[in-house]
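Heads up, entry_31.csv below (CSV, C-alpha atoms):
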```
chain,number,residue,atom,x,y,z
A,121,MET,CA,94.4,104.1,104.5
A,122,ALA,CA,92.5,101.4,106.3
A,123,VAL,CA,88.9,101.2,105.3
A,124,TYR,CA,87.9,99.2,108.3
A,125,GLY,CA,88.9,100.3,111.8
A,126,LEU,CA,88.9,97.8,114.6
A,127,ARG,CA,87.7,100.4,117.1
A,128,ARG,CA,84.9,101.6,114.9
A,129,ILE,CA,83.5,98.1,114.2
A,130,LEU,CA,83.6,97.3,117.9
A,131,TRP,CA,82.3,100.6,119.0
A,132,GLU,CA,79.3,100.5,116.6
A,133,SER,CA,78.5,96.8,117.1
A,134,TYR,CA,78.9,96.1,120.8
A,135,PRO,CA,76.1,98.4,122.1
A,136,VAL,CA,73.7,96.9,119.5
A,137,LEU,CA,74.7,93.4,120.4
A,138,VAL,CA,74.0,94.0,124.1
A,139,LEU,CA,70.5,95.4,123.2
A,140,CYS,CA,70.0,92.2,121.1
A,141,VAL,CA,71.1,90.0,124.0
A,142,VAL,CA,68.6,91.6,126.2
A,143,ILE,CA,65.8,91.1,123.7
A,144,SER,CA,66.8,87.5,123.0
A,145,LEU,CA,67.0,86.8,126.7
A,146,SER,CA,63.3,87.4,126.9
A,147,ALA,CA,62.9,84.5,124.4
A,148,GLY,CA,65.0,82.4,126.7
A,149,LEU,CA,62.9,83.5,129.7
A,150,ILE,CA,59.7,82.4,127.9
A,151,LEU,CA,61.3,79.0,127.1
A,152,ASP,CA,62.4,78.7,130.8
A,153,SER,CA,58.9,79.5,132.1
A,154,GLN,CA,57.5,76.8,129.9
A,155,MET,CA,59.9,74.0,131.0
A,156,GLY,CA,56.9,71.9,132.1
A,157,SER,CA,55.4,71.9,128.6
A,158,ILE,CA,58.8,71.3,127.1
A,159,LYS,CA,59.4,68.2,129.4
A,160,ALA,CA,56.0,66.9,128.4
A,161,PHE,CA,56.6,67.6,124.7
A,162,PRO,CA,60.3,67.8,123.9
A,163,LEU,CA,59.7,68.3,120.2
A,164,ILE,CA,59.2,72.0,121.1
A,165,LEU,CA,63.0,72.2,121.5
A,166,VAL,CA,63.6,70.7,118.0
A,167,MET,CA,61.3,73.4,116.6
A,168,VAL,CA,62.9,76.4,118.3
A,169,PRO,CA,66.0,76.8,116.1
A,170,PRO,CA,64.1,76.3,112.8
A,171,ILE,CA,61.3,78.8,113.6
A,172,ASN,CA,63.7,81.4,114.9
A,173,GLY,CA,66.4,80.7,112.3
A,174,ILE,CA,64.2,80.7,109.3
A,175,ASN,CA,62.1,83.7,110.5
A,176,ASN,CA,65.4,85.6,111.0
A,177,ASN,CA,66.8,84.6,107.6
A,178,VAL,CA,63.7,85.6,105.7
A,179,CYS,CA,63.5,89.0,107.5
A,180,SER,CA,67.3,89.6,107.2
A,181,ILE,CA,67.0,89.1,103.4
A,182,LEU,CA,64.1,91.6,103.4
A,183,GLY,CA,66.0,94.0,105.6
A,184,ALA,CA,69.0,93.9,103.4
A,185,ARG,CA,66.9,94.4,100.2
A,186,LEU,CA,65.0,97.3,101.7
A,187,ALA,CA,68.2,98.9,102.9
A,188,SER,CA,69.6,98.8,99.3
A,189,ALA,CA,66.3,99.9,97.8
A,190,LEU,CA,66.0,102.9,100.1
A,191,HIS,CA,69.6,103.9,99.2
A,192,MET,CA,68.8,103.6,95.5
A,193,GLY,CA,65.6,105.5,95.9
A,194,THR,CA,63.3,102.8,94.6
A,195,VAL,CA,61.6,102.6,98.0
A,196,GLU,CA,60.7,105.7,100.0
A,197,PRO,CA,60.3,105.6,103.8
A,198,LYS,CA,56.5,105.7,103.8
A,199,LEU,CA,53.8,103.1,103.6
A,200,GLY,CA,51.3,104.3,100.9
A,201,LYS,CA,51.7,103.7,97.1
A,202,GLN,CA,54.9,101.7,97.4
A,203,LYS,CA,55.1,99.3,94.4
A,204,VAL,CA,58.6,98.1,95.1
A,205,LEU,CA,58.0,97.7,98.8
A,206,ARG,CA,54.8,95.7,98.1
A,207,LYS,CA,56.7,93.4,95.7
A,208,ASN,CA,59.4,92.9,98.3
A,209,THR,CA,56.9,92.0,101.1
A,210,ARG,CA,55.0,89.8,98.7
A,211,ALA,CA,58.2,87.9,97.8
A,212,THR,CA,58.9,87.6,101.5
A,213,TRP,CA,55.5,86.1,102.1
A,214,LEU,CA,55.8,83.6,99.2
A,215,MET,CA,59.3,82.5,100.4
A,216,SER,CA,58.0,82.1,104.0
A,217,ILE,CA,55.0,80.1,102.9
A,218,GLY,CA,57.3,77.8,100.8
A,219,VAL,CA,60.0,77.2,103.3
A,220,PHE,CA,57.7,76.9,106.3
A,221,TRP,CA,55.4,74.3,104.5
A,222,PHE,CA,58.6,72.3,103.7
A,223,THR,CA,59.7,72.5,107.4
A,224,SER,CA,56.2,71.7,108.7
A,225,ALA,CA,56.1,68.7,106.4
A,226,ILE,CA,59.4,67.5,107.8
A,227,PHE,CA,58.0,67.8,111.4
A,228,PHE,CA,55.0,65.8,110.3
A,229,GLY,CA,57.3,63.1,109.1
A,230,MET,CA,59.4,63.2,112.3
A,231,ALA,CA,56.2,63.0,114.4
A,232,LEU,CA,54.8,60.1,112.4
A,233,ILE,CA,58.1,58.2,112.6
A,234,THR,CA,58.4,58.7,116.4
A,235,GLY,CA,54.9,57.1,116.8
A,236,MET,CA,52.8,60.2,117.4
A,237,GLY,CA,49.8,58.9,115.3
A,238,LEU,CA,48.4,60.4,112.1
A,239,ALA,CA,45.9,62.8,113.6
A,240,ARG,CA,48.3,64.3,116.1
A,241,SER,CA,51.1,64.5,113.5
A,242,ILE,CA,48.8,66.5,111.2
A,243,MET,CA,47.8,68.8,114.1
A,244,LEU,CA,51.5,69.3,115.0
A,245,MET,CA,52.2,70.2,111.4
A,246,PHE,CA,49.5,72.9,111.3
A,247,ALA,CA,50.5,74.2,114.7
A,248,PHE,CA,54.0,74.8,113.5
A,249,PHE,CA,52.8,76.4,110.3
A,250,ALA,CA,50.3,78.7,112.0
A,251,ALA,CA,52.9,79.8,114.6
A,252,SER,CA,55.5,80.5,111.9
A,253,MET,CA,53.0,82.6,109.8
A,254,VAL,CA,52.0,84.8,112.8
A,255,ALA,CA,55.7,85.2,113.8
A,256,ILE,CA,56.8,86.1,110.2
A,257,ALA,CA,53.9,88.6,109.8
A,258,VAL,CA,54.9,90.6,112.9
A,259,THR,CA,58.7,90.3,112.4
A,260,MET,CA,58.3,91.4,108.7
A,261,TRP,CA,56.5,94.6,109.6
A,262,CYS,CA,59.1,95.3,112.3
A,263,THR,CA,61.7,94.9,109.6
A,264,VAL,CA,60.0,97.4,107.3
A,265,GLY,CA,59.6,99.9,110.2
A,266,LEU,CA,63.2,99.5,111.4
A,267,ALA,CA,64.6,99.7,107.8
A,268,PHE,CA,62.7,103.1,107.3
A,269,LEU,CA,63.9,104.3,110.7
A,270,SER,CA,67.5,103.4,110.1
A,271,TYR,CA,67.4,105.1,106.7
A,272,ILE,CA,66.0,108.3,108.2
A,273,ARG,CA,68.4,108.2,111.1
A,274,GLY,CA,71.4,107.2,108.9
A,275,LEU,CA,72.3,104.0,110.8
A,276,ASP,CA,74.1,101.1,109.1
A,277,PRO,CA,71.5,98.5,108.3
A,278,ASP,CA,74.0,95.6,108.5
A,279,ASN,CA,75.2,96.5,112.0
A,280,VAL,CA,71.9,97.8,113.4
A,281,VAL,CA,68.7,96.8,111.7
A,282,ILE,CA,69.4,93.1,111.0
A,283,PRO,CA,70.7,92.3,114.5
A,284,ILE,CA,67.7,93.9,116.2
A,285,VAL,CA,65.2,92.3,113.7
A,286,THR,CA,66.6,88.9,114.4
A,287,SER,CA,66.3,89.4,118.2
A,288,ILE,CA,62.7,90.5,117.8
A,289,GLY,CA,62.2,87.4,115.6
A,290,ASP,CA,63.5,85.2,118.4
A,291,VAL,CA,60.9,86.5,120.8
A,292,MET,CA,58.1,86.3,118.2
A,293,GLY,CA,59.1,82.8,117.1
A,294,VAL,CA,59.3,81.3,120.6
A,295,THR,CA,56.1,83.0,121.8
A,296,CYS,CA,54.0,81.9,118.8
A,297,LEU,CA,55.5,78.4,118.9
A,298,ILE,CA,54.7,77.9,122.5
A,299,ILE,CA,51.1,79.3,122.2
A,300,ALA,CA,50.4,77.3,119.1
A,301,ILE,CA,51.7,74.0,120.6
A,302,LYS,CA,49.8,74.6,123.9
A,303,ILE,CA,46.5,75.3,122.1
A,304,VAL,CA,46.7,72.6,119.4
A,305,MET,CA,48.5,69.8,121.3
A,306,GLY,CA,47.2,70.6,124.7
A,307,VAL,CA,50.5,70.3,126.7
B,13,MET,CA,66.5,97.6,88.1
B,14,PRO,CA,64.5,94.7,86.6
B,15,ARG,CA,66.0,92.3,89.1
B,16,GLU,CA,64.7,94.5,91.9
B,17,LEU,CA,61.1,94.2,90.6
B,18,ASN,CA,61.0,90.5,89.7
B,19,VAL,CA,59.1,88.7,92.5
B,20,ARG,CA,59.5,85.3,90.9
B,21,ALA,CA,63.3,85.7,90.7
B,22,ILE,CA,63.5,86.8,94.3
B,23,VAL,CA,61.4,83.9,95.5
B,24,ILE,CA,63.2,81.3,93.5
B,25,GLN,CA,66.7,82.4,94.6
B,26,GLY,CA,65.6,82.9,98.2
B,27,LEU,CA,63.7,79.6,98.4
B,28,ALA,CA,66.7,77.5,97.2
B,29,ILE,CA,68.9,78.7,100.0
B,30,LEU,CA,66.1,78.8,102.6
B,31,LEU,CA,65.2,75.1,102.1
B,32,LEU,CA,68.8,74.2,102.7
B,33,CYS,CA,68.8,76.4,105.8
B,34,ALA,CA,65.6,74.8,107.0
B,35,ILE,CA,67.3,71.3,107.0
B,36,ILE,CA,70.4,72.6,108.9
B,37,GLU,CA,68.1,74.4,111.4
B,38,ILE,CA,66.2,71.1,112.1
B,39,LEU,CA,69.5,69.4,112.8
B,40,ALA,CA,70.4,72.2,115.2
B,41,GLY,CA,67.0,71.6,116.8
B,42,ASN,CA,67.7,67.9,117.2
B,43,VAL,CA,71.0,68.8,119.0
B,44,LEU,CA,69.0,71.1,121.4
B,45,GLU,CA,66.4,68.5,122.0
B,46,SER,CA,69.1,65.9,122.9
B,47,MET,CA,70.2,68.3,125.7
B,48,LYS,CA,66.8,68.3,127.4
B,49,GLU,CA,68.1,66.5,130.5
B,50,GLN,CA,70.9,69.0,131.0
B,51,LEU,CA,68.5,71.9,130.4
B,52,ALA,CA,65.9,70.7,132.8
B,53,VAL,CA,68.0,69.1,135.6
B,54,ALA,CA,71.7,69.7,135.5
B,55,LEU,CA,72.0,73.3,134.3
B,56,PRO,CA,68.8,75.3,135.1
B,57,GLY,CA,69.1,78.7,133.5
B,58,LEU,CA,71.2,77.5,130.5
B,59,ILE,CA,68.1,77.7,128.3
B,60,LEU,CA,68.0,81.4,128.9
B,61,ALA,CA,71.3,81.8,127.1
B,62,ILE,CA,70.4,79.7,124.1
B,63,PRO,CA,68.4,82.1,122.0
B,64,PRO,CA,70.9,85.0,122.5
B,65,LEU,CA,73.9,82.7,121.8
B,66,LEU,CA,72.3,81.4,118.6
B,67,ASP,CA,71.4,85.0,117.6
B,68,LEU,CA,74.8,86.4,118.4
B,69,ARG,CA,76.4,84.0,115.9
B,70,GLY,CA,74.1,85.0,113.2
B,71,ASN,CA,74.6,88.7,114.0
B,72,ILE,CA,78.4,88.6,114.1
B,73,ASN,CA,78.9,86.3,111.1
B,74,GLY,CA,76.1,87.7,109.1
B,75,ALA,CA,77.6,91.2,109.5
B,76,LEU,CA,81.1,89.8,108.8
B,77,ALA,CA,79.7,88.1,105.6
B,78,SER,CA,78.0,91.3,104.5
B,79,ARG,CA,81.1,93.4,105.2
B,80,LEU,CA,83.3,90.9,103.3
B,81,GLY,CA,80.7,90.9,100.4
B,82,THR,CA,80.9,94.7,100.2
B,83,ALA,CA,84.7,94.7,100.5
B,84,LEU,CA,85.1,92.1,97.7
B,85,HIS,CA,82.7,94.0,95.4
B,86,THR,CA,84.5,97.3,96.0
B,87,GLY,CA,87.9,95.7,95.5
B,88,VAL,CA,89.1,96.4,99.1
B,89,ILE,CA,89.7,92.7,99.6
B,90,GLU,CA,90.9,90.4,96.9
B,91,PRO,CA,89.2,87.0,96.4
B,92,LYS,CA,92.1,84.9,97.6
B,93,LEU,CA,93.0,83.3,100.9
B,94,SER,CA,95.8,85.5,102.0
B,95,MET,CA,95.8,87.6,105.1
B,96,SER,CA,95.5,91.2,104.0
B,97,ALA,CA,95.3,94.0,106.6
B,98,GLU,CA,91.6,94.6,105.8
B,99,LEU,CA,90.7,90.9,106.2
B,100,LYS,CA,92.7,90.8,109.5
B,101,VAL,CA,90.8,93.7,111.0
B,102,ASN,CA,87.5,92.2,110.0
B,103,ILE,CA,88.4,88.8,111.5
B,104,ILE,CA,90.0,90.1,114.7
B,105,SER,CA,87.0,92.4,115.3
B,106,SER,CA,84.6,89.6,115.0
B,107,MET,CA,86.7,87.5,117.4
B,108,ILE,CA,86.8,90.2,120.0
B,109,LEU,CA,83.1,90.8,119.6
B,110,SER,CA,82.4,87.1,120.0
B,111,PHE,CA,84.3,87.0,123.3
B,112,LEU,CA,82.8,90.2,124.7
B,113,ALA,CA,79.3,89.4,123.7
B,114,SER,CA,79.4,85.8,124.8
B,115,ALA,CA,80.7,86.9,128.2
B,116,THR,CA,77.9,89.5,128.3
B,117,ILE,CA,75.3,86.8,127.5
B,118,GLY,CA,76.6,84.5,130.3
B,119,LEU,CA,76.6,87.2,132.9
B,120,LEU,CA,73.2,88.7,131.8
B,121,SER,CA,71.6,85.2,131.7
B,122,VAL,CA,72.7,84.6,135.3
B,123,GLY,CA,71.6,88.0,136.4
B,124,VAL,CA,68.2,87.7,134.7
B,125,GLY,CA,67.8,84.1,135.9
B,126,THR,CA,68.5,85.2,139.5
B,127,LEU,CA,66.1,88.1,139.2
B,128,PHE,CA,63.3,85.9,137.9
B,129,GLY,CA,64.0,83.4,140.7
B,130,ILE,CA,65.4,80.4,138.8
B,131,THR,CA,66.8,78.4,141.6
B,132,SER,CA,70.1,76.5,141.9
B,133,ILE,CA,71.6,78.4,139.0
B,134,ASN,CA,75.2,77.3,138.2
B,135,VAL,CA,76.8,80.7,137.7
B,136,LEU,CA,80.3,79.5,136.8
B,137,GLY,CA,78.9,76.7,134.6
B,138,ILE,CA,76.7,79.0,132.5
B,139,VAL,CA,79.3,81.7,132.0
B,140,THR,CA,81.9,79.1,131.1
B,141,ILE,CA,79.6,77.5,128.6
B,142,ALA,CA,78.6,80.8,127.0
B,143,ILE,CA,82.2,82.0,126.6
B,144,ILE,CA,83.8,78.7,125.4
B,145,ALA,CA,81.0,77.8,123.1
B,146,GLY,CA,80.8,81.4,121.8
B,147,VAL,CA,84.5,81.7,121.1
B,148,VAL,CA,85.1,78.2,119.8
B,149,SER,CA,82.2,78.4,117.3
B,150,GLY,CA,83.2,82.0,116.5
B,151,ILE,CA,86.7,80.9,115.4
B,152,ILE,CA,85.5,78.0,113.3
B,153,LEU,CA,82.8,80.2,111.8
B,154,ALA,CA,85.0,83.2,111.0
B,155,ALA,CA,87.2,80.8,108.9
B,156,ILE,CA,84.1,79.3,107.1
B,157,THR,CA,82.7,82.8,106.6
B,158,VAL,CA,85.8,84.0,104.8
B,159,MET,CA,85.9,80.9,102.6
B,160,VAL,CA,82.2,81.1,101.8
B,161,SER,CA,82.3,84.8,101.1
B,162,ILE,CA,85.2,84.4,98.6
B,163,PHE,CA,83.5,81.4,97.0
B,164,ALA,CA,80.2,83.2,96.8
B,165,TYR,CA,81.9,86.3,95.2
B,166,VAL,CA,83.8,84.2,92.6
B,167,ARG,CA,80.5,82.4,91.8
B,168,GLY,CA,78.5,85.7,91.6
B,169,TRP,CA,76.1,84.9,94.5
B,170,ASP,CA,74.4,87.8,96.1
B,171,PRO,CA,76.0,88.3,99.5
B,172,ASP,CA,72.8,89.7,101.1
B,173,ASN,CA,70.5,86.9,99.8
B,174,VAL,CA,72.9,83.9,100.0
B,175,THR,CA,76.0,84.3,102.1
B,176,ALA,CA,74.4,86.0,105.2
B,177,PRO,CA,71.5,83.6,105.6
B,178,LEU,CA,73.7,80.6,105.0
B,179,MET,CA,76.3,81.7,107.6
B,180,ALA,CA,73.6,82.5,110.1
B,181,THR,CA,72.3,79.0,109.7
B,182,ILE,CA,75.6,77.2,109.8
B,183,GLY,CA,76.3,79.3,112.8
B,184,ASP,CA,73.2,78.0,114.6
B,185,LEU,CA,74.2,74.4,114.0
B,186,LEU,CA,77.9,74.9,115.1
B,187,THR,CA,76.9,76.9,118.1
B,188,MET,CA,74.4,74.3,119.2
B,189,ILE,CA,77.0,71.5,118.8
B,190,SER,CA,79.6,73.7,120.8
B,191,ILE,CA,77.1,74.3,123.6
B,192,PHE,CA,76.3,70.6,123.7
B,193,LEU,CA,79.9,69.5,123.9
B,194,VAL,CA,80.9,72.2,126.5
B,195,ALA,CA,77.9,71.5,128.6
B,196,ILE,CA,78.8,67.8,128.7
B,197,LEU,CA,82.4,68.7,129.7
B,198,VAL,CA,81.3,71.2,132.4
B,199,VAL,CA,78.6,69.1,134.1
```
Hey, can you dump this file as structure tokens for me?
Amino acid sequence: MAVYGLRRILWESYPVLVLCVVISLSAGLILDSQMGSIKAFPLILVMVPPINGINNNVCSILGARLASALHMGTVEPKLGKQKVLRKNTRATWLMSIGVFWFTSAIFFGMALITGMGLARSIMLMFAFFAASMVAIAVTMWCTVGLAFLSYIRGLDPDNVVIPIVTSIGDVMGVTCLIIAIKIVMGV
Amino acid sequence: MPRELNVRAIVIQGLAILLLCAIIEILAGNVLESMKEQLAVALPGLILAIPPLLDLRGNINGALASRLGTALHTGVIEPKLSMSAELKVNIISSMILSFLASATIGLLSVGVGTLFGITSINVLGIVTIAIIAGVVSGIILAAITVMVSIFAYVRGWDPDNVTAPLMATIGDLLTMISIFLVAILVV
């Protein structure tokens, strides 16, 4: 007996993917509406895949862990008195801080090498870091909410929660990045 | 259960893979930045499709990696590179999803772009880029996902924490390169 059916995988995945495309397209629309700033400051484009990609990775890991924990019963779908949930969100914070500092430092180096000047390079580093922290905070709590919801409703976390979380992550990443760069770098 | 509760272990295992992902994402960002002329002048509206296309890769291959991880652990698929029926269904379904979803992204980008008044949108160009880039990177990535999943299983890596983020990130880089190459060919 076949465990995986072609029809089932397609039938379950395609509607979710279309929903994700629609959400991610709003991230594209935000980028498009800011073409002026992007032309003036093309480094924004270099920053888009990292902030979205890392945000999505961190929250996918959290989503997968929570899905397993909910099924094993170590986390219950509620917010109060959740020791395991708190440890998971704390681990997610620590990982995000570590990886985004590293990424921010690389952007600092890139800015410095391309002749941006020390003060502006430092400002750029903080802008990217601040944007990533706000994006991760929002996306992380969306992940927790969606993981609970999928558990209560009996949806497959791999095929439903993680795709939707990563699309929300795209919108959050792009929005926070553009706002931070506009405020800090004045473009 | 102790693994579930150990914040330090989660952070260390997660960070190692995330730092690698950060570097790959920055490379993807540089590919995107090198396309700024095409994005701004030659192919207005293409930028709309970029977040969804990147996201799609992560979603399809992340889900493929997770399914393969589960299938390997439950013994449904054996850790060797031969085409079993189960492996075939998984690969074929992700190919079909890649094609359907890429075409959807192309059409929706054009639709949304027209709706929001992005002028001189190259309909055929954007749909072609979305489909070819989506399918080409999908084929390459399905092969890499199978190899990485088997390798990860043999090495005892956690599929949720290692394989899925790694595949999503490699997917971002390969998709960006595919979009870049196809965009050059189309324009």
Pick out the chain B residues within 6 Å of chain A. Count all atoms listed in the file. Give them as JSON, numbers by chain.
-> {"B": [19, 23, 27, 31, 37, 38, 41, 42, 45, 59, 60, 63, 64, 71, 75, 101, 105, 173, 177]}
Would you output that residue set with C-alpha atoms, as a short mmCIF file (atom, residue, chain, number, x, y, z; two decimals), keeping the file's coordinate frame?
```cif
data_model
loop_
_atom_site.label_atom_id
_atom_site.label_comp_id
_atom_site.auth_asym_id
_atom_site.auth_seq_id
_atom_site.Cartn_x
_atom_site.Cartn_y
_atom_site.Cartn_z
CA VAL B 19 59.10 88.70 92.50
CA VAL B 23 61.40 83.90 95.50
CA LEU B 27 63.70 79.60 98.40
CA LEU B 31 65.20 75.10 102.10
CA GLU B 37 68.10 74.40 111.40
CA ILE B 38 66.20 71.10 112.10
CA GLY B 41 67.00 71.60 116.80
CA ASN B 42 67.70 67.90 117.20
CA GLU B 45 66.40 68.50 122.00
CA ILE B 59 68.10 77.70 128.30
CA LEU B 60 68.00 81.40 128.90
CA PRO B 63 68.40 82.10 122.00
CA PRO B 64 70.90 85.00 122.50
CA ASN B 71 74.60 88.70 114.00
CA ALA B 75 77.60 91.20 109.50
CA VAL B 101 90.80 93.70 111.00
CA SER B 105 87.00 92.40 115.30
CA ASN B 173 70.50 86.90 99.80
CA PRO B 177 71.50 83.60 105.60
#
```
Between atom CA of B:Asp184 and atom CA of A:Thr234, what is the spacing in Å?
->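 A separation of 24.4 Å between them.
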Where does stretch 43-124 of chain B meet stretch 141-161 of chain B within 9 Å, residue by residue, with the nearest atom pair and distance in Å to one decimal for each, counting only C-alpha atoms, listed by chain and rising number, as CSV?
```
residue,atom,partner,partner_atom,distance
B:Leu58,CA,B:Ile141,CA,8.6
B:Ala61,CA,B:Ala142,CA,7.4
B:Ile62,CA,B:Ala142,CA,8.8
B:Leu65,CA,B:Gly146,CA,7.0
B:Leu68,CA,B:Gly146,CA,8.5
B:Arg69,CA,B:Gly150,CA,7.1
B:Ile72,CA,B:Gly150,CA,8.5
B:Asn73,CA,B:Ala154,CA,6.8
B:Gly74,CA,B:Thr157,CA,8.6
B:Leu76,CA,B:Thr157,CA,7.5
B:Ala77,CA,B:Ser161,CA,6.2
B:Ser78,CA,B:Ser161,CA,8.5
B:Leu80,CA,B:Ser161,CA,6.6
B:Gly81,CA,B:Ser161,CA,6.3
B:Leu84,CA,B:Ser161,CA,8.5
B:Pro91,CA,B:Ser161,CA,8.6
B:Lys92,CA,B:Met159,CA,8.9
B:Leu93,CA,B:Met159,CA,7.7
B:Leu99,CA,B:Val158,CA,8.6
B:Ile103,CA,B:Ala154,CA,6.6
B:Ser106,CA,B:Ala154,CA,7.6
B:Met107,CA,B:Gly150,CA,6.6
B:Ile108,CA,B:Val147,CA,8.9
B:Ser110,CA,B:Val147,CA,5.9
B:Phe111,CA,B:Val147,CA,5.7
B:Leu112,CA,B:Ile143,CA,8.4
B:Ala113,CA,B:Gly146,CA,8.4
B:Ser114,CA,B:Ile143,CA,5.1
B:Ala115,CA,B:Ile143,CA,5.4
B:Thr116,CA,B:Ile143,CA,8.8
B:Ile117,CA,B:Ala142,CA,6.9
B:Gly118,CA,B:Ala142,CA,5.3
B:Leu119,CA,B:Ala142,CA,8.9
```
Can you tell me, as an NGL selection string, what residues are no more than 9 Å from A:Thr259 when counting all atoms listed in the file, ignoring any on the same chain fewer than 2 positions away?
-> :A and (175-176 or 179 or 254-257 or 261-264 or 285-286 or 288-289 or 292-293)
What is the atom CA of B:Val53 to atom CA of B:Val124 distance in Å?
->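 It comes out at 18.6 Å.
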Suppose you want the space between atom CA of B:Ile36 and atom CA of B:Ser190; what is it in Å?
->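 Separating atom CA of B:Ile36 from atom CA of B:Ser190 is a distance of 15.1 Å.
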Rank nothing, just name the residue among B:Ala97, B:Leu178, B:Ile89, B:Val122 nearest to B:Leu55, using all atoms listed in the file.
->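 Smallest separation from B:Leu55 among the options: B:Val122.
Compared by their closest atoms to A:Ile301, and using all atoms listed in the file, the residues A:Phe228, A:Tyr271, A:Trp221, A:Phe246 rank with A:Phe246 nearest.
Take the candidates A:Val258, A:Ala160, A:Gly274, A:Met305 and check each one against B:Ala52 using all atoms listed in the file; the shortest distance goes to A:Ala160.
The residue that comes closest to B:Val199, out of B:Gly168, B:Gly137, B:Pro56, B:Gly183 and on the basis of only C-alpha atoms, is B:Gly137.
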